[in-house]
>>> print(open('protein_34.cif').read())   # mmCIF, C-alpha atoms and all ligand atoms
data_upload
loop_
_atom_site.label_atom_id
_atom_site.label_comp_id
_atom_site.auth_asym_id
_atom_site.auth_seq_id
_atom_site.Cartn_x
_atom_site.Cartn_y
_atom_site.Cartn_z
CA MET L 63 94.04 93.08 86.03
CA GLY L 64 96.49 92.40 88.83
CA LEU L 65 95.41 90.20 91.67
CA GLU L 66 91.91 89.66 90.31
CA ALA L 67 93.26 87.84 87.28
CA TYR L 68 94.66 85.16 89.53
CA ILE L 69 91.55 84.63 91.56
CA LYS L 70 89.03 84.52 88.74
CA ASP L 71 88.44 80.81 89.22
CA ASN L 72 88.25 80.81 93.02
CA GLY L 73 91.98 80.95 93.41
CA PHE L 74 93.54 81.17 96.84
CA LEU L 75 96.76 82.36 98.38
CA THR L 76 98.85 80.48 100.88
CA THR L 77 101.02 82.61 103.09
CA GLN L 78 101.98 83.23 106.67
CA VAL L 79 99.86 85.49 108.79
CA ASN L 80 102.98 87.43 109.74
CA ALA L 81 103.86 87.96 106.11
CA ILE L 82 100.46 89.17 105.06
CA ILE L 83 100.13 91.52 108.03
CA ALA L 84 103.57 92.97 107.39
CA TRP L 85 102.69 93.37 103.73
CA ALA L 86 99.46 95.14 104.57
CA ARG L 87 101.18 97.34 107.11
CA LYS L 88 104.00 98.43 104.91
CA SER L 89 101.74 99.15 101.94
CA SER L 90 99.70 101.72 103.77
CA VAL L 91 101.88 103.60 106.19
CA TRP L 92 99.90 106.55 107.43
CA PRO L 93 102.22 109.44 108.19
CA MET L 94 101.87 112.00 110.94
CA PRO L 95 103.23 115.15 109.29
CA MET L 96 105.12 116.80 112.14
CA GLY L 97 106.07 119.79 109.99
CA ILE L 98 107.82 122.27 112.23
CA SER L 99 109.82 124.41 109.81
CA CYS L 100 111.25 124.65 106.30
CA CYS L 101 111.65 120.90 105.75
CA ALA L 102 107.86 120.68 105.91
CA ILE L 103 107.66 122.45 102.55
CA GLU L 104 109.51 119.55 100.93
CA MET L 105 107.31 117.15 102.81
CA MET L 106 104.29 118.86 101.27
CA ALA L 107 105.92 118.58 97.85
CA VAL L 108 106.00 114.82 98.35
CA GLY L 109 102.23 114.86 98.43
CA ASP L 110 101.82 116.69 95.15
CA PRO L 111 101.19 114.95 91.79
CA LYS L 112 104.80 115.26 90.68
CA TYR L 113 106.28 113.14 93.47
CA ASP L 114 103.01 111.57 94.53
CA ILE L 115 103.45 109.74 97.78
CA ALA L 116 100.15 107.99 96.98
CA ARG L 117 102.14 105.56 94.84
CA PHE L 118 103.47 104.15 98.10
CA GLY L 119 100.14 104.06 99.88
CA SER L 120 101.05 106.87 102.23
CA GLU L 121 98.96 109.71 100.93
CA VAL L 122 96.73 109.78 103.98
CA MET L 123 98.51 112.37 106.06
CA ARG L 124 96.64 112.24 109.34
CA PHE L 125 96.68 115.27 111.54
CA THR L 126 95.56 113.26 114.48
CA PRO L 127 98.26 111.06 115.94
CA ARG L 128 95.79 108.32 116.87
CA GLN L 129 95.51 107.24 113.25
CA CYS L 130 99.18 107.26 112.29
CA ASP L 131 102.01 104.82 112.31
CA LEU L 132 104.86 106.90 110.93
CA MET L 133 105.96 110.22 112.33
CA ILE L 134 107.85 112.42 109.90
CA VAL L 135 109.58 115.01 112.05
CA ALA L 136 110.34 117.70 109.47
CA GLY L 137 112.02 120.74 110.91
CA THR L 138 114.02 122.36 113.64
CA VAL L 139 112.99 121.00 117.03
CA THR L 140 113.60 123.53 119.78
CA TYR L 141 113.77 122.64 123.44
CA LYS L 142 110.41 124.27 123.89
CA MET L 143 108.87 122.16 121.11
CA ALA L 144 110.41 118.86 122.24
CA PRO L 145 107.74 117.99 124.84
CA VAL L 146 105.05 118.64 122.24
CA VAL L 147 106.68 116.33 119.70
CA ARG L 148 107.12 113.67 122.34
CA LYS L 149 103.52 113.99 123.48
CA ILE L 150 102.21 113.55 119.95
CA PHE L 151 104.51 110.58 119.47
CA ASP L 152 103.20 109.05 122.69
CA GLN L 153 99.66 109.35 121.40
CA MET L 154 100.37 107.29 118.30
CA PRO L 155 99.31 103.66 118.61
CA GLU L 156 101.91 100.92 118.42
CA PRO L 157 103.57 99.88 116.18
CA LYS L 158 105.09 103.17 115.10
CA TRP L 159 108.12 104.46 113.28
CA VAL L 160 109.97 107.77 113.09
CA ILE L 161 111.77 109.53 110.26
CA ALA L 162 114.09 112.35 111.30
CA MET L 163 113.87 114.49 108.19
CA GLY L 164 116.65 116.97 107.55
CA ALA L 165 119.86 118.09 109.16
CA CYS L 166 118.16 120.03 111.96
CA THR L 167 116.09 117.14 113.15
CA SER L 168 118.92 114.63 112.90
CA SER L 169 121.66 116.67 114.55
CA GLY L 170 120.62 120.25 115.15
CA GLY L 171 122.00 121.12 111.73
CA MET L 172 123.15 124.68 111.30
CA TYR L 173 121.49 125.70 114.54
CA ARG L 174 124.33 125.00 116.88
CA SER L 175 122.80 126.99 119.68
CA TYR L 176 121.25 126.85 123.12
CA SER L 177 117.68 126.74 121.89
CA VAL L 178 117.73 123.83 119.42
CA VAL L 179 117.81 120.15 120.39
CA GLN L 180 120.96 118.69 118.84
CA GLY L 181 119.21 115.67 117.34
CA ILE L 182 115.76 114.37 118.19
CA ASP L 183 117.20 110.98 119.07
CA GLN L 184 117.79 112.48 122.49
CA PHE L 185 114.12 112.01 123.22
CA LEU L 186 112.62 109.88 120.40
CA PRO L 187 113.53 106.49 118.96
CA VAL L 188 114.51 107.33 115.38
CA ASP L 189 114.38 104.72 112.61
CA ILE L 190 115.67 106.71 109.65
CA TYR L 191 117.91 109.76 109.55
CA LEU L 192 117.42 111.71 106.36
CA ALA L 193 120.31 113.93 105.27
CA GLY L 194 119.89 117.24 103.49
CA CYS L 195 118.91 120.79 104.19
CA PRO L 196 116.20 120.31 103.12
CA PRO L 197 116.25 116.76 101.70
CA ARG L 198 114.73 116.53 98.24
CA PRO L 199 111.25 114.99 98.01
CA ASP L 200 112.74 111.94 96.32
CA ASN L 201 114.92 111.53 99.39
CA LEU L 202 111.88 111.40 101.60
CA LEU L 203 110.36 108.79 99.30
CA HIS L 204 113.59 106.83 99.63
CA ALA L 205 113.31 107.05 103.41
CA LEU L 206 109.73 105.87 103.17
CA MET L 207 110.81 102.89 101.09
CA LYS L 208 113.45 102.08 103.69
CA ILE L 209 110.78 102.20 106.38
CA GLN L 210 108.61 99.90 104.27
CA GLU L 211 111.53 97.52 103.98
CA LYS L 212 111.92 97.61 107.72
CA ILE L 213 108.22 97.04 108.32
CA GLY L 214 108.24 94.19 105.82
CA LYS L 215 110.74 92.35 107.99
CA THR L 216 108.71 92.65 111.16
CA LYS L 217 106.57 89.93 112.65
CA ALA L 218 103.08 90.73 113.85
CA SER L 219 103.73 88.80 117.05
CA GLN L 220 106.40 91.36 117.94
CA PHE L 221 103.79 93.97 118.54
CA HIS L 222 100.94 92.13 120.16
CA ASP L 223 99.56 94.41 122.78
CA VAL L 224 96.82 92.03 123.90
CA PRO L 225 98.26 90.35 126.99
CA LEU L 226 98.75 86.61 126.97
CA LYS L 227 96.09 84.59 128.67
CA GLU L 228 98.21 83.61 131.65
CA GLU L 229 99.06 87.21 132.43
CA GLY L 230 95.44 88.24 132.57
CA ILE L 231 94.27 91.52 131.13
CA LYS L 232 96.07 94.53 132.50
CA LEU L 233 94.73 97.99 132.05
CA PRO L 234 97.30 100.46 130.81
CA GLU L 235 98.55 102.84 133.46
CA LEU L 236 97.03 106.25 133.26
CA ASN L 237 99.42 108.97 132.30
CA VAL L 238 99.57 111.37 135.18
CA ILE L 239 100.45 114.63 133.53
CA GLN L 240 101.07 116.74 136.58
CA LYS L 241 101.35 115.78 140.18
CA ASN L 242 100.52 118.44 142.68
CA MET I 50 111.36 173.39 109.38
CA ASP I 51 113.51 170.31 108.93
CA LEU I 52 112.64 167.63 111.46
CA LYS I 53 116.28 167.08 112.27
CA THR I 54 116.53 170.51 113.77
CA LEU I 55 112.97 170.67 114.97
CA ILE I 56 113.06 167.59 117.19
CA PRO I 57 116.14 168.56 119.25
CA GLN I 58 114.79 172.04 119.58
CA LYS I 59 111.38 170.87 120.80
CA LEU I 60 112.88 168.35 123.21
CA LYS I 61 115.26 170.88 124.74
CA GLU I 62 112.44 173.35 125.11
CA LYS I 63 110.14 170.85 126.76
CA PHE I 64 112.73 169.13 128.97
CA PRO I 65 115.30 171.73 130.04
CA ALA I 66 116.47 169.51 132.90
CA VAL I 67 117.36 166.54 130.72
CA GLU I 68 120.79 166.17 129.22
CA PHE I 69 120.53 164.91 125.64
CA GLU I 70 123.38 163.29 123.81
CA ILE I 71 122.57 163.70 120.13
CA THR I 72 124.25 161.76 117.36
CA ASP I 73 123.53 161.95 113.68
CA TYR I 74 125.13 158.97 112.02
CA LYS I 75 124.41 158.00 108.41
CA ASP I 76 121.44 160.31 108.38
CA GLU I 77 119.90 158.61 111.40
CA LEU I 78 119.15 160.66 114.45
CA THR I 79 119.77 159.21 117.93
CA PHE I 80 119.00 160.67 121.33
CA LYS I 81 120.55 159.38 124.49
CA PHE I 82 119.28 160.42 127.88
CA ASP I 83 118.90 159.32 131.48
CA LYS I 84 116.63 156.32 131.89
CA LYS I 85 114.31 157.95 134.42
CA PHE I 86 112.89 160.31 131.78
CA VAL I 87 112.03 157.61 129.29
CA VAL I 88 108.25 157.59 129.71
CA GLU I 89 107.89 161.38 129.71
CA ILE I 90 110.00 161.79 126.59
CA CYS I 91 108.30 158.95 124.75
CA SER I 92 104.80 160.18 125.47
CA PHE I 93 105.80 163.68 124.40
CA LEU I 94 107.21 162.40 121.12
CA LYS I 95 104.04 160.45 120.52
CA SER I 96 101.50 163.08 121.43
CA ASP I 97 103.12 166.26 120.14
CA THR I 98 101.07 167.38 117.15
CA GLY I 99 104.12 168.43 115.17
CA LEU I 100 105.92 165.09 115.58
CA GLU I 101 103.47 162.24 116.11
CA PHE I 102 105.78 159.27 116.60
CA ARG I 103 102.87 156.89 116.79
CA SER I 104 104.62 153.70 115.79
CA CYS I 105 107.03 151.83 118.03
CA THR I 106 108.97 149.72 115.56
CA ASP I 107 111.35 147.94 117.88
CA ILE I 108 112.65 147.80 121.40
CA THR I 109 115.79 145.94 122.29
CA ALA I 110 118.94 146.23 124.36
CA ILE I 111 122.69 146.03 123.92
CA ASP I 112 124.96 144.18 126.32
CA TRP I 113 128.39 145.82 126.56
CA ALA I 114 129.66 143.07 128.89
CA THR I 115 132.44 144.89 130.75
CA ARG I 116 131.38 148.50 130.53
CA LYS I 117 130.29 150.39 133.63
CA ASN I 118 126.71 150.87 132.51
CA ARG I 119 126.36 147.36 131.22
CA PHE I 120 123.19 147.62 129.13
CA THR I 121 121.79 150.18 126.74
CA MET I 122 118.10 150.18 125.95
CA VAL I 123 117.30 151.01 122.34
CA TYR I 124 113.94 152.25 121.09
CA ASN I 125 113.31 152.62 117.38
CA ILE I 126 110.27 154.75 116.70
CA PHE I 127 108.63 155.97 113.56
CA SER I 128 106.43 158.91 112.60
CA MET I 129 103.95 157.93 109.92
CA LYS I 130 102.96 161.54 109.40
CA HIS I 131 106.45 162.71 108.55
CA ASN I 132 107.93 159.41 107.38
CA PHE I 133 110.71 159.91 109.87
CA ARG I 134 112.61 157.43 112.02
CA LEU I 135 114.16 158.14 115.38
CA ARG I 136 116.27 156.16 117.81
CA LEU I 137 116.26 156.63 121.56
CA LYS I 138 118.83 155.19 123.93
CA ALA I 139 119.15 154.96 127.68
CA ASP I 140 121.81 153.29 129.78
CA VAL I 141 120.86 150.69 132.37
CA ASP I 142 123.32 149.46 134.94
CA GLU I 143 123.49 145.84 136.02
CA ALA I 144 123.24 146.71 139.70
CA ASP I 145 119.94 148.49 139.09
CA CYS I 146 118.66 146.45 136.17
CA LYS I 147 115.34 148.22 135.78
CA ILE I 148 113.75 150.79 133.54
CA ASP I 149 110.23 152.19 133.31
CA SER I 150 107.99 150.46 130.84
CA VAL I 151 106.76 152.44 127.84
CA SER I 152 103.90 150.02 127.21
CA SER I 153 101.55 152.71 128.51
CA VAL I 154 102.69 154.90 125.60
CA TRP I 155 102.78 152.36 122.79
CA ARG I 156 100.82 149.13 123.27
CA ALA I 157 103.23 147.43 120.87
CA ALA I 158 105.95 147.86 123.47
CA ASN I 159 104.35 145.21 125.64
CA TRP I 160 105.74 142.18 123.80
CA GLN I 161 108.95 143.88 122.77
CA GLU I 162 109.74 144.60 126.40
CA ARG I 163 108.89 141.04 127.30
CA GLU I 164 111.38 139.88 124.70
CA THR I 165 114.04 142.22 126.04
CA TYR I 166 113.36 140.96 129.55
CA ASP I 167 113.63 137.36 128.37
CA MET I 168 116.87 137.86 126.49
CA TYR I 169 118.71 140.39 128.69
CA GLY I 170 117.05 140.23 132.08
CA ILE I 171 116.23 143.92 132.23
CA LYS I 172 113.11 144.42 134.33
CA PHE I 173 110.42 146.88 133.30
CA ASN I 174 108.63 148.80 136.02
CA ASN I 175 104.85 149.03 135.64
CA HIS I 176 104.77 146.48 132.85
CA PRO I 177 101.29 144.87 132.75
CA ASP I 178 102.47 141.32 132.08
CA LEU I 179 106.22 140.78 132.39
CA ARG I 180 106.64 137.12 131.51
CA ARG I 181 109.24 135.46 129.32
CA MET I 182 108.60 135.63 125.60
CA TYR I 183 110.56 132.74 124.06
CA MET I 184 112.26 130.69 126.70
CA PRO I 185 110.35 128.35 129.04
CA GLU I 186 108.96 130.04 132.14
CA GLU I 187 111.16 128.09 134.52
CA PHE I 188 114.38 128.93 132.64
CA GLU I 189 116.77 130.88 134.84
CA TYR I 190 119.16 132.55 132.43
CA HIS I 191 119.09 135.30 129.84
CA PRO I 192 120.51 133.98 126.58
CA LEU I 193 121.57 137.17 124.80
CA ARG I 194 123.81 138.27 127.64
CA LYS I 195 127.44 138.09 126.63
CA ASP I 196 128.35 135.77 129.49
CA PHE I 197 125.80 133.13 128.42
CA PRO I 198 127.51 130.26 126.58
CA LEU I 199 126.44 129.76 122.95
CA MET I 200 125.48 126.14 123.48
CA GLY I 201 123.53 126.95 126.61
CA ILE I 202 123.89 125.47 130.04
CA PRO I 203 123.53 121.68 129.92
CA GLY I 204 120.46 120.45 131.72
CA SER I 205 118.95 123.91 132.15
CA ILE I 206 116.02 123.03 129.90
CA PRO I 207 114.65 119.54 130.55
CA LEU I 208 113.97 117.18 127.63
CA PRO I 209 111.27 114.49 127.71
CA LYS I 210 112.48 111.02 128.60
CA LYS I 211 113.27 108.66 125.78
S1 LIG P 301 117.31 120.90 107.73
FE1 LIG P 301 117.36 122.84 106.60
S2 LIG P 301 115.41 122.87 105.50
FE2 LIG P 301 115.21 121.36 107.14
S3 LIG P 301 114.33 122.43 108.87
FE3 LIG P 301 116.54 122.51 109.08
S4 LIG P 301 117.14 124.45 108.12
FE4 LIG P 301 115.08 123.97 107.44
#
>>> encode(input="protein_34.cif", output="structure tokens", more="lines below")
Ligand code: SF4
Amino acid sequence: MGLEAYIKDNGFLTTQVNAIIAWARKSSVWPMPMGISCCAIEMMAVGDPKYDIARFGSEVMRFTPRQCDLMIVAGTVTYKMAPVVRKIFDQMPEPKWVIAMGACTSSGGMYRSYSVVQGIDQFLPVDIYLAGCPPRPDNLLHALMKIQEKIGKTKASQFHDVPLKEEGIKLPELNVIQKN
Amino acid sequence: MDLKTLIPQKLKEKFPAVEFEITDYKDELTFKFDKKFVVEICSFLKSDTGLEFRSCTDITAIDWATRKNRFTMVYNIFSMKHNFRLRLKADVDEADCKIDSVSSVWRAANWQERETYDMYGIKFNNHPDLRRMYMPEEFEYHPLRKDFPLMGIPGSIPLPKK
């Protein structure tokens, strides 16, 4: 069945490293479910057997940012929550992508008020804006497919975080959280 | 006796010096009085064996913007024993934006007064922990005041850098 049928007599594949890495990456995008309010309910629905995000290889919702490469920001982001979202995003290893799920996250939505950030793109790099209040689960799957498309076009060399030999190895700067 | 007649009677008996403004609108009883009596009256309403207003449902304020006494404190209290609701009001002026805390009477008042402080900037004397409830600690304004713009004051709450 599938791939095995082709390799039964020691078959081999020829491809580019970039292509196979991009293929592997896009076929198992691990989401960070940043469920902040009502949109999160639809995000949960995506995980259930009816919509079944597992078909796209993204069923492993990781609640630790260190293991994720896609942040689904689902819900109203208030000014008070913004630093938290940003901090979690900063903890995700590169490469990483962001879906702004729902009207609130994309533009503040119906909360045109002093307490809600009018679009998370003010402090996060957003890849996909997802319309709806809330978007249907199929919409989120569509967004995921768009992200996969985007990842499929990337080259692994874009993201190399190991410094080139000439530059020597630099240690990352420590994040100083608070200076006294 | 009916509680509607009993409560005013008891209050007038107990506090002869206080001037009560009593309204009965849509079957809801409201007492308005001077703010300096608030703790005495509240603890009496709670502890009196015939009344027992043991539950403090809500505390908030009203901003009248241009009126002389700019704010009105509102206390909604409830007697489980009699299944009876009561509303208390007291005016607070902007120049002397303070009122005594009733958190010594009802512990539930603690957070509700913090919320009122956060949103209206009314200070509560003798409050055990008067910090902001919703807005960030370093925020300088009080959002539910009528002169606060709906969309906030740009730059007053910092966002993380992109
Ligand atoms: S877009 Fe609608 S459903 Fe989503 S978080 Fe905002 S209000 Fe809730």
>>> residues_near_ligand(input="protein_34.cif", ligand="ligand LIG 301 (chain P)", cutoff="9 Å", atoms="all atoms listed in the file", output="PDB file with C-alpha atoms, in the coordinates of the input")
ATOM      1  CA  GLY L  97     106.070 119.790 109.990  1.00  0.00           C
ATOM      2  CA  ILE L  98     107.820 122.270 112.230  1.00  0.00           C
ATOM      3  CA  SER L  99     109.820 124.410 109.810  1.00  0.00           C
ATOM      4  CA  CYS L 100     111.250 124.650 106.300  1.00  0.00           C
ATOM      5  CA  CYS L 101     111.650 120.900 105.750  1.00  0.00           C
ATOM      6  CA  ALA L 102     107.860 120.680 105.910  1.00  0.00           C
ATOM      7  CA  ILE L 103     107.660 122.450 102.550  1.00  0.00           C
ATOM      8  CA  GLU L 104     109.510 119.550 100.930  1.00  0.00           C
ATOM      9  CA  ALA L 136     110.340 117.700 109.470  1.00  0.00           C
ATOM     10  CA  GLY L 137     112.020 120.740 110.910  1.00  0.00           C
ATOM     11  CA  THR L 138     114.020 122.360 113.640  1.00  0.00           C
ATOM     12  CA  VAL L 139     112.990 121.000 117.030  1.00  0.00           C
ATOM     13  CA  MET L 163     113.870 114.490 108.190  1.00  0.00           C
ATOM     14  CA  GLY L 164     116.650 116.970 107.550  1.00  0.00           C
ATOM     15  CA  ALA L 165     119.860 118.090 109.160  1.00  0.00           C
ATOM     16  CA  CYS L 166     118.160 120.030 111.960  1.00  0.00           C
ATOM     17  CA  THR L 167     116.090 117.140 113.150  1.00  0.00           C
ATOM     18  CA  SER L 168     118.920 114.630 112.900  1.00  0.00           C
ATOM     19  CA  GLY L 170     120.620 120.250 115.150  1.00  0.00           C
ATOM     20  CA  GLY L 171     122.000 121.120 111.730  1.00  0.00           C
ATOM     21  CA  MET L 172     123.150 124.680 111.300  1.00  0.00           C
ATOM     22  CA  TYR L 173     121.490 125.700 114.540  1.00  0.00           C
ATOM     23  CA  ALA L 193     120.310 113.930 105.270  1.00  0.00           C
ATOM     24  CA  GLY L 194     119.890 117.240 103.490  1.00  0.00           C
ATOM     25  CA  CYS L 195     118.910 120.790 104.190  1.00  0.00           C
ATOM     26  CA  PRO L 196     116.200 120.310 103.120  1.00  0.00           C
ATOM     27  CA  PRO L 197     116.250 116.760 101.700  1.00  0.00           C
TER      28      PRO L 197
END
>>> residues_around(input="protein_34.cif", residues="Ala86 of chain L", least_positions_apart="2", cutoff="12 Å", atoms="only C-alpha atoms", output="VMD selection string")
chain L and resid 79 to 84 88 to 92 118 to 119 210 213 to 214 216 to 218
>>> residues_around(input="protein_34.cif", residues="Val67 of chain I", least_positions_apart="6", cutoff="12 Å", atoms="all atoms listed in the file", output="list in words")
Pro57, Leu60, Lys61, Phe80, Lys81, Phe82, Asp83, Lys84, Lys85, Phe86, Val87, Glu89 and Ile90 of chain I
>>> atom_distance(input="protein_34.cif", atom1="atom CA of Ala114 of chain I", atom2="atom CA of Asp196 of chain I")
7.4 Å
>>> atom_distance(input="protein_34.cif", atom1="atom CA of Asp114 of chain L", atom2="atom CA of Lys158 of chain L")
22.3 Å
>>> atom_distance(input="protein_34.cif", atom1="atom CA of Pro127 of chain L", atom2="atom CA of Val108 of chain L")
19.6 Å
>>> interface_residues(input="protein_34.cif", of="chain I", to="chain L", cutoff="6 Å", atoms="all atoms listed in the file", output="list in words")
Leu199, Met200, Gly201, Pro209, Lys210 and Lys211 of chain I
>>> closest_residue(input="protein_34.cif", among="I:Ile108, I:Ala158, I:Val151, I:Ala139", to="Glu68 of chain I", atoms="only C-alpha atoms")
I:Ala139
>>> closest_residue(input="protein_34.cif", among="L:Met133, L:Ile190, L:Ala67, L:Ile115", to="Glu211 of chain L", atoms="only C-alpha atoms")
L:Ile190
>>> closest_residue(input="protein_34.cif", among="I:Leu52, I:Asn175, I:Met168, I:Arg136", to="Ser150 of chain I", atoms="all atoms listed in the file")
I:Asn175
>>> residues_near_point(input="protein_34.cif", point="(119.8, 126.7, 135.2)", cutoff="7 Å", atoms="all atoms listed in the file", output="list in words")
Phe188, Glu189, Tyr190, Ile202 and Ser205 of chain I
>>> closest_residue(input="protein_34.cif", among="L:Trp159, L:Tyr113, L:Tyr191, L:Phe74", to="Cys130 of chain L", atoms="only C-alpha atoms")
L:Trp159
>>> closest_residue(input="protein_34.cif", among="L:Leu206, L:Val188, L:Phe125, L:Pro157", to="Ser219 of chain L", atoms="only C-alpha atoms")
L:Pro157
>>> closest_residue(input="protein_34.cif", among="L:His204, L:Arg87, L:Lys112, L:Arg117", to="Leu132 of chain L", atoms="all atoms listed in the file")
L:Arg87
>>> residues_around(input="protein_34.cif", residues="Ile126 of chain I", least_positions_apart="4", cutoff="8 Å", atoms="all atoms listed in the file", output="JSON, numbers by chain")
{"I": [102, 103, 104, 105, 106, 107, 134, 135, 136, 137]}
>>> decode(input="protein_34.cif", residues="segment 89-160 of chain I", atoms="C-alpha atoms", output="short mmCIF file (atom, residue, chain, number, x, y, z; two decimals), in the first residue's frame")
data_model
loop_
_atom_site.label_atom_id
_atom_site.label_comp_id
_atom_site.auth_asym_id
_atom_site.auth_seq_id
_atom_site.Cartn_x
_atom_site.Cartn_y
_atom_site.Cartn_z
CA GLU I 89 -22.58 51.54 59.98
CA ILE I 90 -25.71 51.06 57.91
CA CYS I 91 -24.31 48.09 56.01
CA SER I 92 -23.19 46.26 59.12
CA PHE I 93 -26.55 46.91 60.75
CA LEU I 94 -28.40 45.50 57.73
CA LYS I 95 -26.17 42.46 57.79
CA SER I 96 -26.24 41.71 61.48
CA ASP I 97 -29.81 42.60 62.44
CA THR I 98 -31.56 39.32 63.21
CA GLY I 99 -34.79 40.40 61.54
CA LEU I 100 -33.10 41.37 58.25
CA GLU I 101 -29.89 39.43 57.69
CA PHE I 102 -28.62 40.89 54.43
CA ARG I 103 -25.73 38.48 54.35
CA SER I 104 -25.02 38.50 50.63
CA CYS I 105 -23.41 41.39 48.82
CA THR I 106 -24.41 40.77 45.23
CA ASP I 107 -22.79 43.71 43.52
CA ILE I 108 -21.01 46.97 44.08
CA THR I 109 -20.57 49.50 41.34
CA ALA I 110 -20.77 53.21 40.64
CA ILE I 111 -22.49 55.59 38.26
CA ASP I 112 -20.73 58.49 36.60
CA TRP I 113 -23.09 61.43 36.02
CA ALA I 114 -20.36 63.40 34.21
CA THR I 115 -21.53 66.98 34.76
CA ARG I 116 -23.57 66.72 37.92
CA LYS I 117 -22.38 68.35 41.13
CA ASN I 118 -21.90 65.10 43.00
CA ARG I 119 -20.28 63.35 40.10
CA PHE I 120 -20.44 59.72 41.22
CA THR I 121 -23.03 57.57 42.92
CA MET I 122 -21.97 54.38 44.64
CA VAL I 123 -24.46 51.55 44.27
CA TYR I 124 -24.65 48.50 46.54
CA ASN I 125 -26.97 45.64 45.70
CA ILE I 126 -27.50 43.38 48.68
CA PHE I 127 -29.60 40.32 49.24
CA SER I 128 -31.18 38.63 52.23
CA MET I 129 -31.20 34.86 51.82
CA LYS I 130 -33.46 34.46 54.82
CA HIS I 131 -36.23 36.63 53.43
CA ASN I 132 -35.44 36.32 49.73
CA PHE I 133 -35.36 40.08 49.55
CA ARG I 134 -33.19 42.44 47.53
CA LEU I 135 -32.18 45.93 48.52
CA ARG I 136 -30.25 48.71 46.86
CA LEU I 137 -28.18 51.30 48.68
CA LYS I 138 -26.81 54.46 47.14
CA ALA I 139 -24.44 57.16 48.27
CA ASP I 140 -23.13 60.18 46.41
CA VAL I 141 -19.40 60.75 46.03
CA ASP I 142 -18.02 64.02 44.78
CA GLU I 143 -15.05 64.21 42.44
CA ALA I 144 -13.18 66.64 44.67
CA ASP I 145 -13.34 64.16 47.55
CA CYS I 146 -13.32 60.92 45.60
CA LYS I 147 -13.32 58.58 48.57
CA ILE I 148 -15.74 56.40 50.46
CA ASP I 149 -15.31 53.97 53.34
CA SER I 150 -14.81 50.38 52.32
CA VAL I 151 -17.48 47.86 53.27
CA SER I 152 -15.10 44.93 52.81
CA SER I 153 -15.04 44.58 56.59
CA VAL I 154 -18.78 43.86 56.44
CA TRP I 155 -18.95 41.59 53.41
CA ARG I 156 -15.72 39.91 52.29
CA ALA I 157 -17.15 39.75 48.77
CA ALA I 158 -16.93 43.52 48.62
CA ASN I 159 -13.16 43.33 48.39
CA TRP I 160 -12.94 42.56 44.67
#
